[in-house]
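S.K.: This is structure.tsv (TSV, C-alpha atoms).
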chain	number	residue	atom	x	y	z
A	136	MET	CA	-6.45	-16.79	3.49
A	137	SER	CA	-6.60	-13.59	1.45
A	138	TRP	CA	-9.67	-12.82	-0.58
A	139	PRO	CA	-9.79	-11.11	-3.96
A	140	PRO	CA	-11.16	-7.57	-4.22
A	141	MET	CA	-14.94	-7.60	-4.23
A	142	LEU	CA	-15.98	-3.97	-4.61
A	143	MET	CA	-14.45	-0.75	-5.82
A	144	HIS	CA	-15.74	2.55	-4.55
A	145	ILE	CA	-14.91	5.67	-6.53
A	146	ARG	CA	-15.98	9.05	-5.22
A	147	ILE	CA	-15.22	12.35	-6.89
A	148	LYS	CA	-16.47	15.62	-5.53
A	149	THR	CA	-15.76	19.02	-7.03
A	150	LYS	CA	-17.36	22.41	-6.56
A	151	ASP	CA	-19.87	21.70	-9.35
A	152	THR	CA	-20.24	17.93	-9.47
A	153	ARG	CA	-20.58	15.00	-7.19
A	154	PHE	CA	-19.93	11.49	-8.47
A	155	GLY	CA	-19.94	8.20	-6.64
A	156	LEU	CA	-19.71	4.71	-8.05
A	157	TRP	CA	-19.76	1.30	-6.43
A	158	LEU	CA	-18.24	-1.16	-8.88
A	159	PRO	CA	-19.02	-4.82	-8.07
A	160	LEU	CA	-15.73	-6.45	-9.04
A	161	PHE	CA	-17.01	-9.88	-8.03
A	162	LEU	CA	-19.43	-9.72	-10.96
A	163	LEU	CA	-16.50	-9.20	-13.33
A	164	PHE	CA	-14.70	-12.38	-12.25
A	165	PRO	CA	-16.89	-14.79	-14.29
A	166	VAL	CA	-16.55	-12.52	-17.36
A	167	VAL	CA	-12.75	-12.36	-16.99
A	168	LEU	CA	-12.62	-16.12	-16.44
A	169	VAL	CA	-14.62	-16.83	-19.62
A	170	ILE	CA	-12.42	-14.43	-21.64
A	171	PHE	CA	-9.30	-16.09	-20.23
A	172	ILE	CA	-10.57	-19.59	-21.06
A	173	ILE	CA	-11.39	-18.50	-24.63
A	174	LEU	CA	-7.99	-16.87	-25.09
A	175	SER	CA	-5.94	-19.49	-23.24
A	176	PRO	CA	-5.20	-21.71	-26.32
A	177	PHE	CA	-3.86	-18.67	-28.19
A	178	ILE	CA	-1.83	-17.56	-25.16
A	179	LEU	CA	-0.43	-21.08	-24.79
A	180	ILE	CA	0.54	-21.28	-28.47
A	181	GLY	CA	2.16	-17.84	-28.24
A	182	ILE	CA	4.14	-18.87	-25.16
A	183	ILE	CA	5.34	-22.11	-26.80
A	184	ILE	CA	6.38	-20.35	-30.02
A	185	THR	CA	8.32	-17.61	-28.24
A	186	TRP	CA	9.76	-19.84	-25.46
A	187	ASP	CA	13.18	-20.20	-27.16
A	188	ARG	CA	13.61	-16.44	-27.46
A	189	GLY	CA	12.83	-16.00	-23.77
A	190	TRP	CA	9.62	-14.06	-24.35
A	191	GLY	CA	7.41	-17.06	-23.53
A	192	LYS	CA	8.81	-17.36	-20.04
A	193	LEU	CA	8.44	-13.63	-19.58
A	194	ALA	CA	4.80	-13.77	-20.73
A	195	LEU	CA	4.08	-16.63	-18.32
A	196	PHE	CA	5.63	-14.76	-15.39
A	197	SER	CA	3.81	-11.58	-16.42
A	198	LEU	CA	0.45	-13.36	-16.40
A	199	ARG	CA	1.12	-14.79	-12.95
A	200	ALA	CA	2.38	-11.45	-11.62
A	201	ALA	CA	-0.65	-9.59	-13.02
A	202	PHE	CA	-2.97	-12.12	-11.38
A	203	VAL	CA	-1.19	-11.84	-7.99
A	204	ALA	CA	-1.20	-8.03	-8.20
A	205	CYS	CA	-4.96	-7.94	-8.95
A	206	TRP	CA	-5.62	-10.39	-6.10
A	207	SER	CA	-3.64	-8.16	-3.70
A	208	LEU	CA	-5.56	-5.00	-4.47
A	209	ARG	CA	-8.02	-5.54	-1.63
A	210	GLY	CA	-7.54	-2.86	1.03
A	211	LEU	CA	-6.05	-0.24	-1.30
A	212	LYS	CA	-7.27	3.22	-0.47
A	213	VAL	CA	-6.40	6.58	-2.01
A	214	ASP	CA	-8.00	9.65	-0.55
A	215	VAL	CA	-7.06	13.16	-1.66
A	216	ARG	CA	-8.93	16.14	-0.27
A	217	ARG	CA	-8.74	19.86	-0.61
A	218	PRO	CA	-11.36	22.46	0.31
A	219	GLY	CA	-14.43	21.77	-1.80
A	220	GLU	CA	-12.80	18.93	-3.73
A	221	CYS	CA	-12.27	15.28	-2.99
A	222	VAL	CA	-11.13	12.20	-4.87
A	223	SER	CA	-11.40	8.87	-3.14
A	224	ILE	CA	-10.80	5.37	-4.48
A	225	SER	CA	-11.07	2.35	-2.25
A	226	ILE	CA	-11.01	-1.31	-3.06
A	227	ILE	CA	-12.83	-3.57	-0.64
B	42	MET	CA	-9.27	4.58	31.47
B	43	SER	CA	-5.47	4.71	31.49
B	44	ASP	CA	-3.54	8.00	31.56
B	45	ASN	CA	-2.15	7.43	28.08
B	46	ARG	CA	-5.60	6.96	26.57
B	47	LYS	CA	-6.88	10.05	28.33
B	48	LYS	CA	-3.93	12.11	27.05
B	49	ILE	CA	-4.53	10.94	23.48
B	50	LEU	CA	-8.21	11.80	23.65
B	51	GLU	CA	-7.39	15.21	25.12
B	52	MET	CA	-4.94	15.87	22.29
B	53	LEU	CA	-7.64	14.89	19.81
B	54	GLU	CA	-10.13	17.18	21.52
B	55	GLN	CA	-7.64	20.06	21.31
B	56	SER	CA	-7.08	19.26	17.58
B	57	LYS	CA	-3.37	18.70	18.25
B	58	ILE	CA	-3.63	15.36	16.45
B	59	SER	CA	-5.96	14.05	13.75
B	60	ALA	CA	-8.48	11.25	14.30
B	61	ASP	CA	-6.20	9.00	12.26
B	62	GLU	CA	-3.20	9.67	14.47
B	63	ALA	CA	-5.34	9.18	17.58
B	64	TYR	CA	-6.44	5.79	16.28
B	65	ARG	CA	-2.80	4.78	15.67
B	66	LEU	CA	-1.74	5.92	19.11
B	67	LEU	CA	-4.63	4.10	20.79
B	68	SER	CA	-3.73	0.95	18.86
B	69	ALA	CA	-0.12	1.32	20.00
B	70	VAL	CA	-1.31	1.67	23.61
B	71	ASP	CA	-3.43	-1.48	23.16
B	72	ASP	CA	-0.44	-3.39	21.78
B	73	GLY	CA	1.73	-2.14	24.64
B	74	GLU	CA	-0.79	-3.30	27.22
B	75	LYS	CA	-1.09	-6.73	25.56
B	76	GLY	CA	2.70	-6.93	25.41
B	77	SER	CA	3.08	-6.18	29.10
B	78	LYS	CA	0.55	-8.93	29.91
B	79	ASP	CA	2.54	-11.39	27.76
B	80	SER	CA	5.88	-10.30	29.16
B	81	ALA	CA	5.67	-12.81	32.02
B	82	GLY	CA	6.44	-15.50	29.41
B	83	GLU	CA	8.64	-14.80	26.42
B	84	GLY	CA	9.00	-11.07	26.96
B	85	GLN	CA	9.26	-8.09	24.68
B	86	SER	CA	10.82	-9.85	21.68
B	87	ARG	CA	7.65	-11.86	21.17
B	88	THR	CA	5.57	-8.69	21.14
B	89	GLU	CA	7.90	-7.07	18.63
B	90	THR	CA	7.61	-9.99	16.24
B	91	GLY	CA	3.87	-9.89	16.74
B	92	ILE	CA	3.76	-6.25	15.66
B	93	LYS	CA	5.92	-7.02	12.65
B	94	SER	CA	3.75	-9.89	11.50
B	95	LYS	CA	0.67	-7.69	11.86
B	96	SER	CA	2.00	-5.12	9.36
B	97	LYS	CA	-0.67	-5.06	6.73
B	98	TYR	CA	-0.57	-1.66	5.10
B	99	LEU	CA	1.89	0.98	4.03
B	100	ARG	CA	0.37	4.35	4.83
B	101	VAL	CA	1.27	7.72	3.37
B	102	THR	CA	-0.45	10.73	4.87
B	103	VAL	CA	-0.13	14.44	4.22
B	104	THR	CA	-1.82	16.59	6.83
B	105	PRO	CA	-1.50	20.19	7.98
B	106	GLY	CA	0.87	20.40	10.92
B	107	ASP	CA	0.84	22.70	13.94
B	108	LYS	CA	2.61	25.48	12.03
B	109	TYR	CA	0.13	25.48	9.15
B	110	GLU	CA	-1.54	28.88	8.92
B	111	ASN	CA	-5.00	27.81	7.77
B	112	PRO	CA	-5.60	24.07	8.44
B	113	GLU	CA	-9.17	24.15	7.06
B	114	ARG	CA	-7.87	25.09	3.60
B	115	ALA	CA	-5.05	22.56	3.57
B	116	ASP	CA	-4.74	19.64	1.17
B	117	ARG	CA	-5.00	16.24	2.80
B	118	VAL	CA	-3.76	12.99	1.34
B	119	ASN	CA	-4.37	9.57	2.80
B	120	VAL	CA	-3.02	6.56	0.91
B	121	ARG	CA	-3.17	3.01	2.20
B	122	VAL	CA	-1.40	0.33	0.18
B	123	PRO	CA	-1.68	-3.35	1.18
B	124	MET	CA	1.71	-4.93	1.90
B	125	SER	CA	0.73	-7.87	-0.30
B	126	LEU	CA	0.43	-5.47	-3.24
B	127	ILE	CA	3.89	-4.05	-2.50
B	128	ARG	CA	5.24	-7.59	-2.31
B	129	ALA	CA	3.63	-8.42	-5.68
B	130	GLY	CA	4.94	-5.15	-7.12
B	131	ILE	CA	8.50	-5.78	-6.00
B	132	LYS	CA	8.36	-9.28	-7.45
B	133	LEU	CA	7.36	-7.71	-10.77
B	134	THR	CA	10.88	-6.30	-10.93
B	135	SER	CA	12.04	-9.79	-11.94
B	136	LEU	CA	10.26	-9.15	-15.25
B	137	ILE	CA	12.36	-6.09	-16.03
B	138	PRO	CA	14.56	-6.85	-19.07
B	139	GLN	CA	18.35	-7.02	-18.58
B	140	GLU	CA	18.93	-3.91	-20.74
B	141	ALA	CA	16.68	-1.86	-18.47
B	142	LEU	CA	18.46	-3.20	-15.36
B	143	ASP	CA	21.83	-2.25	-16.89
B	144	LYS	CA	20.52	1.26	-17.52
B	145	ALA	CA	19.27	1.45	-13.93
B	146	ASN	CA	22.69	0.33	-12.66
B	147	ASP	CA	24.41	2.96	-14.83
B	148	ALA	CA	22.05	5.66	-13.54
B	149	LEU	CA	22.77	4.62	-9.94
B	150	LYS	CA	26.54	4.71	-10.59
B	151	GLU	CA	26.20	8.21	-12.03
B	152	LYS	CA	24.59	9.26	-8.76
B	153	GLY	CA	27.46	7.69	-6.85
B	154	ILE	CA	25.56	4.62	-5.71
B	155	ASN	CA	27.54	1.50	-6.50
B	156	PHE	CA	24.76	-1.05	-6.32
B	157	ASP	CA	23.84	-3.87	-8.70
B	158	VAL	CA	20.05	-4.09	-8.98
B	159	ARG	CA	20.39	-7.61	-10.43
B	160	SER	CA	21.85	-8.87	-7.16
B	161	ILE	CA	18.50	-8.55	-5.36
B	162	LYS	CA	17.12	-12.03	-4.70
B	163	SER	CA	13.54	-12.92	-3.75
B	164	GLY	CA	14.73	-13.85	-0.22
B	165	ASP	CA	16.22	-10.37	0.16
B	166	ILE	CA	12.90	-8.88	-0.88
B	167	GLU	CA	11.07	-10.77	1.87
B	168	GLU	CA	13.60	-9.51	4.44
B	169	LEU	CA	13.25	-6.00	3.05
B	170	ILE	CA	9.46	-6.11	3.37
B	171	ASP	CA	9.69	-7.49	6.92
B	172	ALA	CA	12.08	-4.67	7.83
B	173	LEU	CA	9.56	-2.12	6.51
B	174	GLY	CA	7.55	-2.82	9.68
B	175	ASP	CA	10.09	-0.79	11.66
B	176	MET	CA	10.18	2.11	9.23
B	177	GLN	CA	8.65	5.49	9.91
B	178	VAL	CA	9.32	8.64	7.92
B	179	ASP	CA	8.13	11.91	9.37
B	180	VAL	CA	8.73	15.11	7.42
B	181	GLU	CA	7.43	18.59	8.17
B	182	THR	CA	7.74	21.01	5.26
B	183	SER	CA	8.50	24.71	5.56
B	184	LYS	CA	4.84	25.42	4.77
B	185	GLY	CA	3.82	23.39	7.80
B	186	GLU	CA	2.57	20.30	5.98
B	187	CYS	CA	3.26	17.07	7.76
B	188	VAL	CA	4.18	14.08	5.58
B	189	LYS	CA	4.21	10.66	7.21
B	190	VAL	CA	5.13	7.29	5.77
B	191	PHE	CA	4.69	4.31	8.03
B	192	VAL	CA	3.57	0.70	8.18
B	193	GLU	CA	0.64	-0.41	10.29
Can the structure in the file be given as structure tokens, please?
M.R.:
Amino acid sequence: MSWPPMLMHIRIKTKDTRFGLWLPLFLLFPVVLVIFIILSPFILIGIIITWDRGWGKLALFSLRAAFVACWSLRGLKVDVRRPGECVSISII
Amino acid sequence: MSDNRKKILEMLEQSKISADEAYRLLSAVDDGEKGSKDSAGEGQSRTETGIKSKSKYLRVTVTPGDKYENPERADRVNVRVPMSLIRAGIKLTSLIPQEALDKANDALKEKGINFDVRSIKSGDIEELIDALGDMQVDVETSKGECVKVFVE
């Protein structure tokens, strides 16, 4: 079973500044869920209205794809270094 | 300690390979040893499928190679993308509108590639992703930078 991303670590280091941030993504899930529940009737109405034109189906697939993509972010790591400078983003 | 392991550690000590490469090589040696233990039963094919199913990440690394004049001042890039994210990304292509796909087809034809992007089915995508497990791109630039793309 795959787990959703829990933490995001951003680290930026330049010659003058040093910046590190641990972002607890798991704390954002309840907020996102509440927002989604509040907006879901409007999304549903929008999908039903635009279903005949083909946009409704597209919106439904887009929502699902966005959810799957966010869920799959765990393990992503980008690390770029040069002398004296470093940018690192990792999702755990 | 086996000869292979010793050689890898010596290469790491002599800075011929990076710690990342040493880790990959040691993992490969581990897999090879496990495979040889299993070979009494189903043989090599089982090990190969095992390696394929283990593919979890697409890695892109840029490191200074042997020819690089000043390795300490070199840029280093290390990107690790989960295969599940690639799978999700490729599936997003089904959301691309027909007009955009037509434009992509036209652009491909202009370049001499006669391929219909619309003909890609989800089953093909799965096969494509599975086949990525065997892929390894290794490029050394004229400046001495070593670019590697592989799946681990």
S.K.: Compile the residues of chain B that lie within 12 Å of chain A, evaluated using all atoms listed in the file, and express the compilation as a ChimeraX atom specification.
M.R.: /B:97-105,111-139
S.K.: Which residues are near Met52 (chain B)? Cut-off 12 Å, all atoms listed in the file, ignore same chain within fewer than 5 positions. Put them as number ranges by chain.
M.R.: B: 45-47, 57-60, 62-64, 66-67
S.K.: Need to verify the contact set: Ile182 (chain A), 12 Å, all atoms listed in the file, exclusion of same-chain residues closer than 3 positions in sequence. Can you return it as a tab-separated table (two decimals) with C-alpha atoms, in the frame of the given file?
M.R.:
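Okay, this is what ended up in part17.tsv:
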chain	number	residue	atom	x	y	z
A	175	SER	CA	-5.94	-19.49	-23.24
A	176	PRO	CA	-5.20	-21.71	-26.32
A	177	PHE	CA	-3.86	-18.67	-28.19
A	178	ILE	CA	-1.83	-17.56	-25.16
A	179	LEU	CA	-0.43	-21.08	-24.79
A	185	THR	CA	8.32	-17.61	-28.24
A	186	TRP	CA	9.76	-19.84	-25.46
A	187	ASP	CA	13.18	-20.20	-27.16
A	188	ARG	CA	13.61	-16.44	-27.46
A	189	GLY	CA	12.83	-16.00	-23.77
A	190	TRP	CA	9.62	-14.06	-24.35
A	191	GLY	CA	7.41	-17.06	-23.53
A	192	LYS	CA	8.81	-17.36	-20.04
A	193	LEU	CA	8.44	-13.63	-19.58
A	194	ALA	CA	4.80	-13.77	-20.73
A	195	LEU	CA	4.08	-16.63	-18.32
A	196	PHE	CA	5.63	-14.76	-15.39
A	197	SER	CA	3.81	-11.58	-16.42
A	198	LEU	CA	0.45	-13.36	-16.40
S.K.: With all atoms listed in the file as the atoms that count, which of B:Glu51, B:Val192, B:Thr182, B:Lys144 lies nearest to Arg65 (chain B)?
M.R.: B:Val192
S.K.: Could you tell me how far CA of Asp151 (chain A) lies from CA of Ile226 (chain A), in Å and to one decimal?
M.R.: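 These two atoms are separated by 25.4 Å.
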S.K.: Between CA of Leu162 (chain A) and CA of His144 (chain A), what distance in Å does the model show, to one decimal?
M.R.: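 Rounded to one decimal, the two atoms are 14.3 Å apart.
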S.K.: From the list A:Ile227, A:Met143, A:Ile170, A:Ile180, which residue is nearest Leu158 (chain A) when using only C-alpha atoms?
M.R.: A:Met143
S.K.: Kindly give the distance, in Å, that separates CA of Gln177 (chain B) and CA of Ile161 (chain B), rounded to a single decimal.
M.R.: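 It comes out at 23.0 Å.
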S.K.: Which is closest to Pro140 (chain A) among A:Leu163, A:Leu174, A:Ile183, A:Val169, if we use all atoms listed in the file?
M.R.: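 Residue with the minimum atom-to-atom distance to Pro140 (chain A): A:Leu163.
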S.K.: Applying 9 Å and all atoms listed in the file, which residues near Met176 (chain B) remain after dropping the ones on its own chain fewer than 3 positions away? List them as a ChimeraX atom specification.
M.R.: /B:172-173,190-192
